[in-house]
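Next up, query.txt (compact mmCIF, C-alpha atoms):
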# COMPACT_ATOMS: atom_id res chain seq x y z
CA MET G 141 73.80 25.88 96.43
CA ASP G 142 77.55 25.78 96.14
CA ALA G 143 79.67 25.29 99.27
CA THR G 144 80.97 28.82 98.97
CA THR G 145 78.19 31.29 98.42
CA PRO G 146 79.29 34.14 96.11
CA ALA G 147 78.82 37.67 97.31
CA ALA G 148 75.26 38.81 96.81
CA GLY G 149 76.45 42.34 96.15
CA THR G 150 78.91 44.89 97.35
CA SER G 151 78.02 47.87 99.43
CA ALA G 152 78.96 51.45 98.67
CA PRO G 153 82.13 52.62 100.40
CA PRO G 154 81.62 55.26 103.08
CA PRO G 155 82.33 58.69 101.59
CA GLY G 156 85.63 60.44 102.14
CA LEU G 157 87.48 57.52 103.71
CA ASP G 158 89.96 54.99 102.41
CA THR G 159 88.43 51.60 101.93
CA MET G 160 89.84 48.19 101.31
CA ASN G 161 88.34 45.13 99.70
CA VAL G 162 88.22 42.16 102.01
CA THR G 163 87.24 38.53 101.57
CA VAL G 164 85.38 37.23 104.59
CA LYS G 165 84.88 33.51 105.03
CA ILE G 166 82.29 32.60 107.63
CA LYS G 167 81.60 29.09 108.84
CA ARG G 168 77.83 28.86 108.62
CA TYR G 169 75.34 26.30 109.81
CA ASP G 170 71.56 26.35 109.93
CA PRO G 171 70.25 23.23 111.68
CA GLU G 172 66.97 23.49 109.78
CA LYS G 173 68.62 23.49 106.34
CA ASP G 174 72.21 22.24 106.50
CA ALA G 175 73.40 18.71 107.17
CA ARG G 176 76.77 20.15 108.16
CA ALA G 177 78.59 23.44 108.49
CA TYR G 178 80.02 25.08 105.36
CA TRP G 179 82.20 28.07 104.53
CA ALA G 180 80.35 31.00 102.99
CA GLU G 181 82.43 33.69 101.29
CA TYR G 182 81.65 37.38 101.11
CA ARG G 183 83.55 40.13 99.33
CA LEU G 184 82.98 43.69 100.44
CA ASP G 185 84.59 47.10 100.87
CA VAL G 186 85.31 48.16 104.42
CA ARG G 187 87.44 50.71 106.22
CA PRO G 188 90.72 49.50 107.71
CA THR G 189 89.58 50.96 111.02
CA ASP G 190 86.37 48.91 111.00
CA ARG G 191 86.16 46.19 113.57
CA VAL G 192 85.30 42.63 112.61
CA LEU G 193 81.92 43.21 114.22
CA ASP G 194 81.32 46.14 111.83
CA VAL G 195 82.17 43.83 108.94
CA LEU G 196 79.71 41.20 110.16
CA ASN G 197 77.07 43.90 110.62
CA GLN G 198 77.70 45.16 107.09
CA ILE G 199 77.27 41.61 105.73
CA LYS G 200 74.11 41.01 107.75
CA TRP G 201 72.51 44.38 107.07
CA GLU G 202 73.46 44.84 103.42
CA MET G 203 74.22 41.42 101.93
CA ASP G 204 72.72 38.46 103.78
CA GLY G 205 70.22 39.01 106.56
CA SER G 206 70.21 35.33 107.51
CA LEU G 207 73.70 35.52 109.08
CA SER G 208 73.42 34.98 112.85
CA TYR G 209 75.80 36.01 115.63
CA ARG G 210 75.61 37.45 119.12
CA ARG G 211 76.57 41.02 119.95
CA SER G 212 75.31 43.47 122.49
CA CYS G 213 77.43 46.31 123.80
CA ALA G 214 79.92 46.16 120.89
CA HIS G 215 82.61 47.68 123.11
CA GLY G 216 84.36 44.72 124.67
CA VAL G 217 82.44 44.71 127.91
CA CYS G 218 79.43 42.41 127.54
CA GLY G 219 81.37 39.41 126.26
CA SER G 220 78.82 38.33 123.65
CA ASP G 221 80.87 38.22 120.46
CA ALA G 222 83.78 35.89 121.15
CA MET G 223 84.62 34.15 117.86
CA LEU G 224 87.42 32.15 116.32
CA ILE G 225 88.87 34.76 113.97
CA ASN G 226 91.80 33.86 111.70
CA GLY G 227 92.67 30.93 113.95
CA VAL G 228 92.49 32.57 117.36
CA ASN G 229 89.69 33.41 119.79
CA ARG G 230 88.97 37.14 119.82
CA LEU G 231 86.11 39.51 120.49
CA ALA G 232 84.80 40.67 117.09
CA CYS G 233 84.23 44.13 118.59
CA LYS G 234 87.87 44.57 119.68
CA LEU G 235 89.66 43.47 116.50
CA LEU G 236 90.35 45.87 113.63
CA VAL G 237 90.36 44.87 109.97
CA ARG G 238 93.73 46.57 109.41
CA ASP G 239 95.31 44.13 111.88
CA LEU G 240 93.98 41.13 109.93
CA GLY G 241 94.59 42.11 106.31
CA SER G 242 92.25 41.46 103.41
CA SER G 243 91.50 37.85 104.24
CA ILE G 244 89.30 37.18 107.26
CA ALA G 245 87.98 33.81 108.44
CA VAL G 246 85.37 33.66 111.20
CA GLU G 247 84.19 30.49 112.94
CA PRO G 248 82.12 29.85 116.05
CA ILE G 249 84.15 29.21 119.22
CA ARG G 250 85.00 25.53 119.65
CA GLY G 251 83.89 22.89 122.10
CA LEU G 252 80.34 24.18 122.54
CA GLU G 253 77.46 23.05 120.36
CA VAL G 254 76.64 25.37 117.46
CA VAL G 255 73.07 26.61 117.57
CA LYS G 256 73.24 28.59 114.31
CA ASP G 257 76.14 30.14 112.36
CA LEU G 258 78.35 31.86 114.97
CA ILE G 259 76.02 31.25 117.91
CA VAL G 260 76.91 28.44 120.31
CA ASP G 261 75.05 26.99 123.26
CA MET G 262 76.69 28.67 126.28
CA GLU G 263 74.76 26.71 128.92
CA PRO G 264 77.50 24.10 129.66
CA PHE G 265 79.94 27.03 130.05
CA PHE G 266 77.67 28.77 132.55
CA ASP G 267 77.01 25.49 134.40
CA SER G 268 80.77 25.18 135.00
CA TYR G 269 80.86 28.81 136.10
CA LYS G 270 78.05 28.24 138.60
CA SER G 271 79.74 25.11 139.99
CA VAL G 272 82.52 27.15 141.66
CA LEU G 273 80.12 29.36 143.69
CA PRO G 274 81.06 32.58 141.87
CA TYR G 275 79.62 34.89 144.52
CA PHE G 276 80.72 36.33 147.84
CA VAL G 277 80.10 34.09 150.87
CA ASN G 278 80.43 35.40 154.41
CA ASP G 279 77.91 34.39 157.07
CA ASP G 280 79.34 36.58 159.84
CA PRO G 281 77.07 39.38 161.06
CA GLU G 282 77.38 42.31 158.71
CA PRO G 283 79.44 45.20 160.07
CA ALA G 284 77.83 48.60 160.34
CA ARG G 285 79.81 49.79 157.33
CA GLU G 286 81.48 47.84 154.52
CA ARG G 287 83.69 44.78 155.11
CA LEU G 288 87.13 46.38 155.05
CA GLN G 289 90.11 44.99 153.15
CA SER G 290 93.63 46.29 152.75
CA PRO G 291 94.72 47.48 149.29
CA GLU G 292 97.35 44.72 149.35
CA ASP G 293 94.72 42.03 149.94
CA ARG G 294 92.50 43.53 147.23
CA GLU G 295 95.41 43.50 144.79
CA ILE G 296 95.82 39.70 145.02
CA PHE G 297 92.65 38.99 143.05
CA ASP G 298 92.40 42.28 141.17
CA GLU G 299 92.89 40.78 137.72
CA SER G 300 90.35 37.99 138.15
CA THR G 301 87.63 40.62 138.72
CA LYS G 302 88.01 41.65 135.08
CA CYS G 303 86.39 38.54 133.56
CA ILE G 304 83.41 39.23 131.27
CA LEU G 305 82.48 35.53 130.74
CA CYS G 306 82.92 35.69 126.96
CA ALA G 307 84.23 32.09 126.89
CA ALA G 308 87.19 33.00 124.64
CA CYS G 309 89.53 31.28 127.12
CA THR G 310 87.58 28.11 127.81
CA THR G 311 86.90 27.49 124.12
CA SER G 312 90.58 28.01 123.21
CA CYS G 313 91.61 25.20 125.58
CA PRO G 314 92.71 21.91 123.95
CA VAL G 315 91.60 20.02 127.06
CA PHE G 316 88.11 21.52 126.82
CA TRP G 317 87.81 20.62 123.10
CA THR G 318 88.29 16.95 123.91
CA ASN G 319 86.56 16.88 127.30
CA GLY G 320 83.50 19.14 127.42
CA ASN G 321 83.09 18.35 131.11
CA TYR G 322 86.35 20.12 131.99
CA VAL G 323 85.44 23.01 134.27
CA GLY G 324 87.55 25.33 132.12
CA PRO G 325 89.73 28.40 132.66
CA ALA G 326 86.86 30.91 132.98
CA ALA G 327 85.33 29.07 135.94
CA ILE G 328 88.74 28.75 137.60
CA VAL G 329 89.40 32.49 137.15
CA ASN G 330 86.07 33.25 138.83
CA ALA G 331 86.87 30.81 141.63
CA HIS G 332 90.24 32.61 142.00
CA ARG G 333 88.32 35.88 142.40
CA PHE G 334 86.80 34.64 145.68
CA ILE G 335 89.34 32.06 146.89
CA PHE G 336 91.93 34.82 147.32
CA ASP G 337 89.47 37.36 148.75
CA SER G 338 90.41 37.79 152.42
CA ARG G 339 86.76 38.49 153.34
CA ASP G 340 85.32 35.35 151.76
CA GLN G 341 84.61 32.17 153.73
CA ALA G 342 83.76 29.52 151.09
CA THR G 343 87.29 28.66 149.96
CA ASP G 344 86.92 25.02 151.06
CA GLU G 345 83.73 24.53 149.07
CA ARG G 346 85.24 26.12 145.96
CA LEU G 347 88.43 24.09 146.16
CA ALA G 348 86.36 20.93 146.70
CA ALA G 349 84.28 21.77 143.60
CA LEU G 350 87.50 22.20 141.60
CA ASN G 351 89.16 19.06 143.02
CA GLN G 352 87.05 16.77 140.81
CA PRO G 353 88.03 14.39 137.98
CA SER G 354 87.14 17.02 135.35
CA GLY G 355 88.19 19.92 137.52
CA LEU G 356 91.26 22.05 138.08
CA TRP G 357 93.84 19.29 137.54
CA ARG G 358 92.83 18.74 133.91
CA CYS G 359 94.68 21.98 133.09
CA ARG G 360 97.76 21.12 131.01
CA THR G 361 99.13 24.68 130.87
CA ALA G 362 98.82 25.17 127.10
CA TYR G 363 98.46 28.96 127.66
CA ASN G 364 95.86 29.33 124.88
CA CYS G 365 93.48 30.84 127.46
CA THR G 366 96.01 33.50 128.45
CA GLU G 367 96.62 34.40 124.79
CA ALA G 368 92.90 34.50 124.02
CA CYS G 369 91.66 36.61 126.94
CA PRO G 370 90.35 39.98 125.63
CA ARG G 371 90.77 41.44 129.13
CA ASP G 372 94.44 40.46 129.42
CA ILE G 373 93.84 38.37 132.53
CA PRO G 374 96.94 36.23 133.24
CA ILE G 375 94.72 33.15 133.32
CA THR G 376 97.32 30.39 133.42
CA LYS G 377 99.15 32.20 136.23
CA GLN G 378 95.92 32.30 138.22
CA ILE G 379 95.09 28.64 137.53
CA GLU G 380 98.56 27.73 138.82
CA GLU G 381 97.92 29.82 141.94
CA VAL G 382 94.68 27.93 142.60
CA LYS G 383 96.47 24.60 141.98
CA ARG G 384 99.10 25.55 144.57
CA ALA G 385 96.41 26.67 147.04
CA LEU G 386 94.69 23.31 146.71
CA LEU G 387 97.97 21.39 146.86
CA TRP G 388 99.24 23.07 150.04
CA ARG G 389 95.83 22.75 151.67
CA GLN G 390 95.86 19.00 151.01
CA ALA G 391 99.47 18.54 152.06
CA MET F 298 94.16 24.35 113.38
CA TYR F 299 94.08 26.76 116.32
CA ARG F 300 96.95 29.27 116.05
CA GLY F 301 98.26 28.71 119.55
CA ARG F 302 101.72 29.84 120.59
CA GLU F 303 104.63 28.20 122.45
CA GLY F 304 102.51 26.83 125.29
CA GLN F 305 100.14 24.99 122.97
CA TRP F 306 102.95 23.36 120.98
CA ALA F 307 104.82 22.46 124.16
CA PHE F 308 101.65 20.71 125.35
CA VAL F 309 101.04 18.94 122.02
CA LEU F 310 104.64 17.70 121.78
CA HIS F 311 104.60 16.64 125.43
CA ARG F 312 101.41 14.63 124.94
CA LEU F 313 102.57 13.04 121.66
CA SER F 314 105.98 12.10 123.08
CA GLY F 315 104.34 10.76 126.23
CA VAL F 316 101.88 8.52 124.37
CA ALA F 317 104.64 7.35 121.99
CA LEU F 318 106.90 6.47 124.93
CA ALA F 319 104.12 4.56 126.71
CA LEU F 320 103.53 2.49 123.57
CA PHE F 321 107.27 1.99 123.06
CA LEU F 322 107.69 0.85 126.66
CA LEU F 323 104.91 -1.71 126.21
CA LEU F 324 106.59 -3.07 123.07
CA HIS F 325 109.96 -3.07 124.82
CA VAL F 326 108.63 -5.04 127.80
CA ILE F 327 107.04 -7.57 125.44
CA ASP F 328 110.16 -8.17 123.34
CA ILE F 329 112.52 -8.34 126.33
CA SER F 330 110.13 -10.78 128.03
CA LEU F 331 110.59 -13.14 125.08
CA VAL F 332 113.98 -14.01 126.54
CA MET F 333 112.17 -16.27 129.01
CA PHE F 334 111.55 -18.75 126.18
CA GLY F 335 115.29 -19.45 126.18
CA PRO F 336 117.98 -19.29 123.48
CA GLU F 337 115.89 -21.31 121.02
CA GLY F 338 112.89 -19.01 121.51
CA PRO F 339 111.87 -15.99 119.41
CA PHE F 340 114.05 -13.49 121.29
CA ASN F 341 117.10 -13.59 119.03
CA ALA F 342 114.97 -13.40 115.90
CA PHE F 343 113.23 -10.29 117.27
CA LEU F 344 116.56 -8.76 118.22
CA ALA F 345 117.84 -9.23 114.66
CA PHE F 346 114.59 -7.78 113.33
CA TYR F 347 114.99 -4.66 115.48
CA HIS F 348 118.55 -4.13 114.28
CA GLN F 349 117.37 -3.16 110.80
CA TRP F 350 117.91 0.48 109.86
CA PRO F 351 114.27 1.72 110.03
CA PHE F 352 114.25 0.80 113.72
CA ARG F 353 117.50 2.74 114.18
CA VAL F 354 115.69 5.81 112.85
CA GLY F 355 112.95 5.00 115.34
CA LEU F 356 115.59 4.88 118.05
CA VAL F 357 116.56 8.48 117.26
CA LEU F 358 112.90 9.46 117.63
CA VAL F 359 112.60 7.55 120.92
CA MET F 360 115.66 9.36 122.27
CA ALA F 361 114.26 12.71 121.12
CA ALA F 362 110.93 11.90 122.81
CA VAL F 363 112.58 10.84 126.08
CA VAL F 364 114.85 13.89 126.26
CA TYR F 365 112.14 16.38 125.21
CA HIS F 366 109.64 14.88 127.66
CA ALA F 367 112.23 15.11 130.45
CA PHE F 368 113.27 18.71 129.81
CA ASN F 369 109.73 19.93 129.21
CA GLY F 370 108.75 18.09 132.38
CA LEU F 371 111.27 20.24 134.26
CA ARG F 372 109.68 23.30 132.62
CA ILE F 373 106.25 22.14 133.83
CA ILE F 374 107.59 21.68 137.38
CA LEU F 375 108.95 25.24 137.31
CA MET F 376 105.59 26.54 136.05
CA ASP F 377 103.62 24.59 138.66
CA PHE F 378 105.71 25.74 141.59
CA THR F 379 106.99 29.21 140.71
CA GLU F 380 105.54 32.45 139.36
CA TRP F 381 108.80 32.83 137.51
CA GLY F 382 108.21 29.62 135.55
CA VAL F 383 104.85 30.87 134.29
CA LYS F 384 106.26 34.27 133.37
CA TYR F 385 109.10 32.82 131.30
CA GLN F 386 107.35 29.67 130.03
CA GLY F 387 107.94 30.62 126.37
CA ALA F 388 111.68 31.09 126.84
CA LEU F 389 111.81 27.93 128.94
CA TRP F 390 110.22 25.98 126.08
CA TYR F 391 112.89 27.17 123.65
CA GLY F 392 115.40 26.17 126.31
CA ALA F 393 113.88 22.67 126.47
CA LEU F 394 114.05 22.41 122.67
CA GLY F 395 117.67 23.61 122.69
CA ALA F 396 118.64 21.15 125.43
CA THR F 397 116.93 18.34 123.50
CA THR F 398 118.94 19.24 120.41
CA ALA F 399 122.17 19.44 122.43
CA VAL F 400 121.63 15.96 123.85
CA GLY F 401 120.55 14.74 120.42
CA ILE F 402 123.87 15.52 118.74
CA PRO F 403 125.89 12.75 120.48
CA VAL F 404 122.91 10.41 119.93
CA LEU F 405 123.06 11.11 116.21
CA TRP F 406 126.86 10.72 116.33
CA LYS F 407 126.38 7.20 117.63
CA ILE F 408 123.35 6.07 115.64
CA VAL F 409 123.64 7.67 112.19
CA PRO F 410 126.72 5.55 111.22
CA GLU F 411 124.74 2.48 112.30
CA ILE F 412 121.80 3.53 110.13
CA LEU F 413 124.16 4.01 107.18
CA GLY F 414 125.78 0.64 107.89
CA ILE F 415 129.29 2.09 108.28
CA ALA F 416 129.74 1.39 111.98
How would this structure read if it were set down as structure tokens?
Amino acid sequence: MDATTPAAGTSAPPPGLDTMNVTVKIKRYDPEKDARAYWAEYRLDVRPTDRVLDVLNQIKWEMDGSLSYRRSCAHGVCGSDAMLINGVNRLACKLLVRDLGSSIAVEPIRGLEVVKDLIVDMEPFFDSYKSVLPYFVNDDPEPARERLQSPEDREIFDESTKCILCAACTTSCPVFWTNGNYVGPAAIVNAHRFIFDSRDQATDERLAALNQPSGLWRCRTAYNCTEACPRDIPITKQIEEVKRALLWRQA
Amino acid sequence: MYRGREGQWAFVLHRLSGVALALFLLLHVIDISLVMFGPEGPFNAFLAFYHQWPFRVGLVLVMAAVVYHAFNGLRIILMDFTEWGVKYQGALWYGALGATTAVGIPVLWKIVPEILGIA
């Protein structure tokens, strides 16, 4: 088969709505058949208001059922469908065709091993996440009601609570591409969530976990994570806050 | 190629200029150390070799690398120690590029005539 597979057929446009013809290039790889990844090309009619995920669904359901990708909630909450779309990491379910034009290129996110097509092995990503103790630690006797916190103290880590672990940030990081052991922005954001929580007591353990050769200090402030985050978390700002916390604690 | 923005290109340029300067420094230490072989040694021959015009062009690049690395280094210090630096990192990068260009003009003024052999 040729490197670029021609469209197997085009689907009927939805009635009563403007459609546009788009060319979708997808970097595909099946470990049981392909020696290496190749670009497959599909031409189809879609609505400008379709999301990239709708386009992928249309390809899978109507043109080529062998196309593989992850999706679950399809509304930007579950974090399953982070992909490298037209050169940047985005959630396929939060990106509209009209914002991309008629030429769309979709690749798996980088730095993690491709399992099939757009599916990557997320285990190294989750291992890094687990390494920073991403859960609340407080061994004091529990109060009769909830552990109280002032709105000001809650505000400090408000934005790091928004992470959905889609890996768009970590896999946009040039340091992570070349060093897969780098703990990565997502893990640091989730460490930030608890380090700056006034009720938490495991700050020392978290900072120690981040103060490793492939830890926090590998960040070179390229800001790709901040640009890629589908939840608009100011990731680089938070990484710098954790760096300062560690620095002043050591000083 | 990942379509990163200012921060990515600031990082790439910083890394490239840093590696280039480390290699240049190594070369520089080696050729200067040749002076220990005395006036009859290879030092003068190397010096003449380095005075050819392609190395003058290289000198412009070395200056650009030094100045960019210095100004972007200041940007990185601001980002590491202030919230303000992170907020305005894009503008600060353009500032670093502008400052590099500003310092580069007198460098070119000095070196371009030497490259053209009219100095």
Q | Contact residues around Ala362 of chain F with only C-alpha atoms at 10 Å, ignoring same-chain residues under 2 positions, as a list in words | A |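 Near Ala362 of chain F, the qualifying residues are Leu310, His311, Leu313, Ser314, Gly315, Val316, Ala317, Leu318, Leu356, Val357, Leu358, Val359, Met360, Val364, Tyr365, His366, Ala367 and Thr397 of chain F.
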Take the residues just selected and output them with C-alpha atoms as a tab-separated table (two decimals), in the coordinates of the input.
chain	number	residue	atom	x	y	z
F	310	LEU	CA	104.64	17.70	121.78
F	311	HIS	CA	104.60	16.64	125.43
F	313	LEU	CA	102.57	13.04	121.66
F	314	SER	CA	105.98	12.10	123.08
F	315	GLY	CA	104.34	10.76	126.23
F	316	VAL	CA	101.88	8.52	124.37
F	317	ALA	CA	104.64	7.35	121.99
F	318	LEU	CA	106.90	6.47	124.93
F	356	LEU	CA	115.59	4.88	118.05
F	357	VAL	CA	116.56	8.48	117.26
F	358	LEU	CA	112.90	9.46	117.63
F	359	VAL	CA	112.60	7.55	120.92
F	360	MET	CA	115.66	9.36	122.27
F	364	VAL	CA	114.85	13.89	126.26
F	365	TYR	CA	112.14	16.38	125.21
F	366	HIS	CA	109.64	14.88	127.66
F	367	ALA	CA	112.23	15.11	130.45
F	397	THR	CA	116.93	18.34	123.50
Q) Can you find the residues with an atom no farther than 12 Å from (83.9, 48.0, 120.9), counting only C-alpha atoms, and report them as a list of chain:residue names? A)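 Looking at atoms near the point gives G:Thr189, G:Asp190, G:Arg191, G:Val192, G:Leu193, G:Asp194, G:Arg211, G:Ser212, G:Cys213, G:Ala214, G:His215, G:Gly216, G:Val217, G:Cys218, G:Gly219, G:Ser220, G:Asp221, G:Leu231, G:Ala232, G:Cys233, G:Lys234, G:Leu235, G:Leu236, G:Pro370.
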Given the selection you just returned, output its residues as a file containing C-alpha atoms, formatted as an mmCIF file, in the coordinates of the input.
data_model
loop_
_atom_site.group_PDB
_atom_site.id
_atom_site.type_symbol
_atom_site.label_atom_id
_atom_site.label_comp_id
_atom_site.auth_asym_id
_atom_site.auth_seq_id
_atom_site.Cartn_x
_atom_site.Cartn_y
_atom_site.Cartn_z
ATOM 1 C CA THR G 189 89.580 50.960 111.020
ATOM 2 C CA ASP G 190 86.370 48.910 111.000
ATOM 3 C CA ARG G 191 86.160 46.190 113.570
ATOM 4 C CA VAL G 192 85.300 42.630 112.610
ATOM 5 C CA LEU G 193 81.920 43.210 114.220
ATOM 6 C CA ASP G 194 81.320 46.140 111.830
ATOM 7 C CA ARG G 211 76.570 41.020 119.950
ATOM 8 C CA SER G 212 75.310 43.470 122.490
ATOM 9 C CA CYS G 213 77.430 46.310 123.800
ATOM 10 C CA ALA G 214 79.920 46.160 120.890
ATOM 11 C CA HIS G 215 82.610 47.680 123.110
ATOM 12 C CA GLY G 216 84.360 44.720 124.670
ATOM 13 C CA VAL G 217 82.440 44.710 127.910
ATOM 14 C CA CYS G 218 79.430 42.410 127.540
ATOM 15 C CA GLY G 219 81.370 39.410 126.260
ATOM 16 C CA SER G 220 78.820 38.330 123.650
ATOM 17 C CA ASP G 221 80.870 38.220 120.460
ATOM 18 C CA LEU G 231 86.110 39.510 120.490
ATOM 19 C CA ALA G 232 84.800 40.670 117.090
ATOM 20 C CA CYS G 233 84.230 44.130 118.590
ATOM 21 C CA LYS G 234 87.870 44.570 119.680
ATOM 22 C CA LEU G 235 89.660 43.470 116.500
ATOM 23 C CA LEU G 236 90.350 45.870 113.630
ATOM 24 C CA PRO G 370 90.350 39.980 125.630
#
Q: Within 10 Å of chain F, which residues of chain G are there when counting all atoms listed in the file? Please give them as an MDAnalysis selection string.
A: chainID G and resid 224:229 250 312:314 360:368 374 376:381 383:384
Would you put the residues from that selection into a file with C-alpha atoms, as an mmCIF file, keeping the file's coordinate frame?
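For reference, result_12.cif as written:
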data_model
loop_
_atom_site.group_PDB
_atom_site.id
_atom_site.type_symbol
_atom_site.label_atom_id
_atom_site.label_comp_id
_atom_site.auth_asym_id
_atom_site.auth_seq_id
_atom_site.Cartn_x
_atom_site.Cartn_y
_atom_site.Cartn_z
ATOM 1 C CA LEU G 224 87.420 32.150 116.320
ATOM 2 C CA ILE G 225 88.870 34.760 113.970
ATOM 3 C CA ASN G 226 91.800 33.860 111.700
ATOM 4 C CA GLY G 227 92.670 30.930 113.950
ATOM 5 C CA VAL G 228 92.490 32.570 117.360
ATOM 6 C CA ASN G 229 89.690 33.410 119.790
ATOM 7 C CA ARG G 250 85.000 25.530 119.650
ATOM 8 C CA SER G 312 90.580 28.010 123.210
ATOM 9 C CA CYS G 313 91.610 25.200 125.580
ATOM 10 C CA PRO G 314 92.710 21.910 123.950
ATOM 11 C CA ARG G 360 97.760 21.120 131.010
ATOM 12 C CA THR G 361 99.130 24.680 130.870
ATOM 13 C CA ALA G 362 98.820 25.170 127.100
ATOM 14 C CA TYR G 363 98.460 28.960 127.660
ATOM 15 C CA ASN G 364 95.860 29.330 124.880
ATOM 16 C CA CYS G 365 93.480 30.840 127.460
ATOM 17 C CA THR G 366 96.010 33.500 128.450
ATOM 18 C CA GLU G 367 96.620 34.400 124.790
ATOM 19 C CA ALA G 368 92.900 34.500 124.020
ATOM 20 C CA PRO G 374 96.940 36.230 133.240
ATOM 21 C CA THR G 376 97.320 30.390 133.420
ATOM 22 C CA LYS G 377 99.150 32.200 136.230
ATOM 23 C CA GLN G 378 95.920 32.300 138.220
ATOM 24 C CA ILE G 379 95.090 28.640 137.530
ATOM 25 C CA GLU G 380 98.560 27.730 138.820
ATOM 26 C CA GLU G 381 97.920 29.820 141.940
ATOM 27 C CA LYS G 383 96.470 24.600 141.980
ATOM 28 C CA ARG G 384 99.100 25.550 144.570
#
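With only C-alpha atoms as the atoms that count, the minimum distance from Pro188 of chain G to the choices G:Asp344, G:Asp158, G:Glu247, G:Glu202 is reached by G:Asp158.
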(Q) What's the separation between atom CA of Leu252 of chain G and atom CA of Thr311 of chain G, in Å to one decimal place? (A)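 So the two atoms, atom CA of Leu252 of chain G and atom CA of Thr311 of chain G, lie 7.5 Å apart.
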Q.
Please list as a PyMOL selection string every residue within 10 Å of Val404 of chain F, counting only C-alpha atoms and excluding residues in the same chain fewer than 3 positions away.
A. chain F and resi 356-357+360-361+398-401+407-409
Q: Pick out the residues sitting within 10 Å of Phe368 of chain F, and hand them over as a ChimeraX atom specification; count only C-alpha atoms, and ignore anything fewer than 5 positions along from it in its own chain.
A: /F:311,363,373-374,389-390,392-397
(Q) When you look at Glu411 of chain F with a cut-off of 12 Å (counting all atoms listed in the file), what residues show up, excluding the ones that are within fewer than 4 positions of it in the same chain? I need them as a list of chain:residue names. (A) F:His348, F:Gln349, F:Trp350, F:Pro351, F:Phe352, F:Arg353, F:Val354, F:Leu356, F:Val357, F:Val404, F:Leu405, F:Trp406, F:Lys407, F:Ile415, F:Ala416
Q. To one decimal place, how far is atom CA of Ala349 of chain G from atom CA of Ser271 of chain G in Å?
A.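 That distance, rounded to one decimal, is 6.7 Å.
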Q. Of the residues G:Phe316, G:Phe334, G:Trp388, G:Phe266, which is the one nearest to Asn278 of chain G, using all atoms listed in the file?
A.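 Going through G:Phe316, G:Phe334, G:Trp388, G:Phe266 one by one, the smallest distance to Asn278 of chain G is for G:Phe334.
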Could you give me the axis-aligned bounding box of segment 219-226 of chain G, with 8 Å of padding per side, as centre plus edge lengths in Å to one decimal, as JSON?
{"center_x": 85.3, "center_y": 35.8, "center_z": 119.0, "size_x": 29.0, "size_y": 23.3, "size_z": 30.6}
Q: Find, counting all atoms listed in the file, the residue in G:Ala348, G:Phe297, G:Thr163, G:Arg183 that gets nearest to Leu240 of chain G.
A: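 Smallest separation from Leu240 of chain G among the options: G:Thr163.
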(Q) As an exercise, work out the distance from atom CA of Ala391 of chain G to atom CA of Glu295 of chain G in Å and give it to one decimal place. (A)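 Interatomic distance, atom CA of Ala391 of chain G to atom CA of Glu295 of chain G: 26.3 Å.
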Q. Given the choices F:Asp328, F:Tyr385, F:Asn369, F:Ala319, which gets closest to Asn341 of chain F if the distance is worked out from only C-alpha atoms?
A. F:Asp328
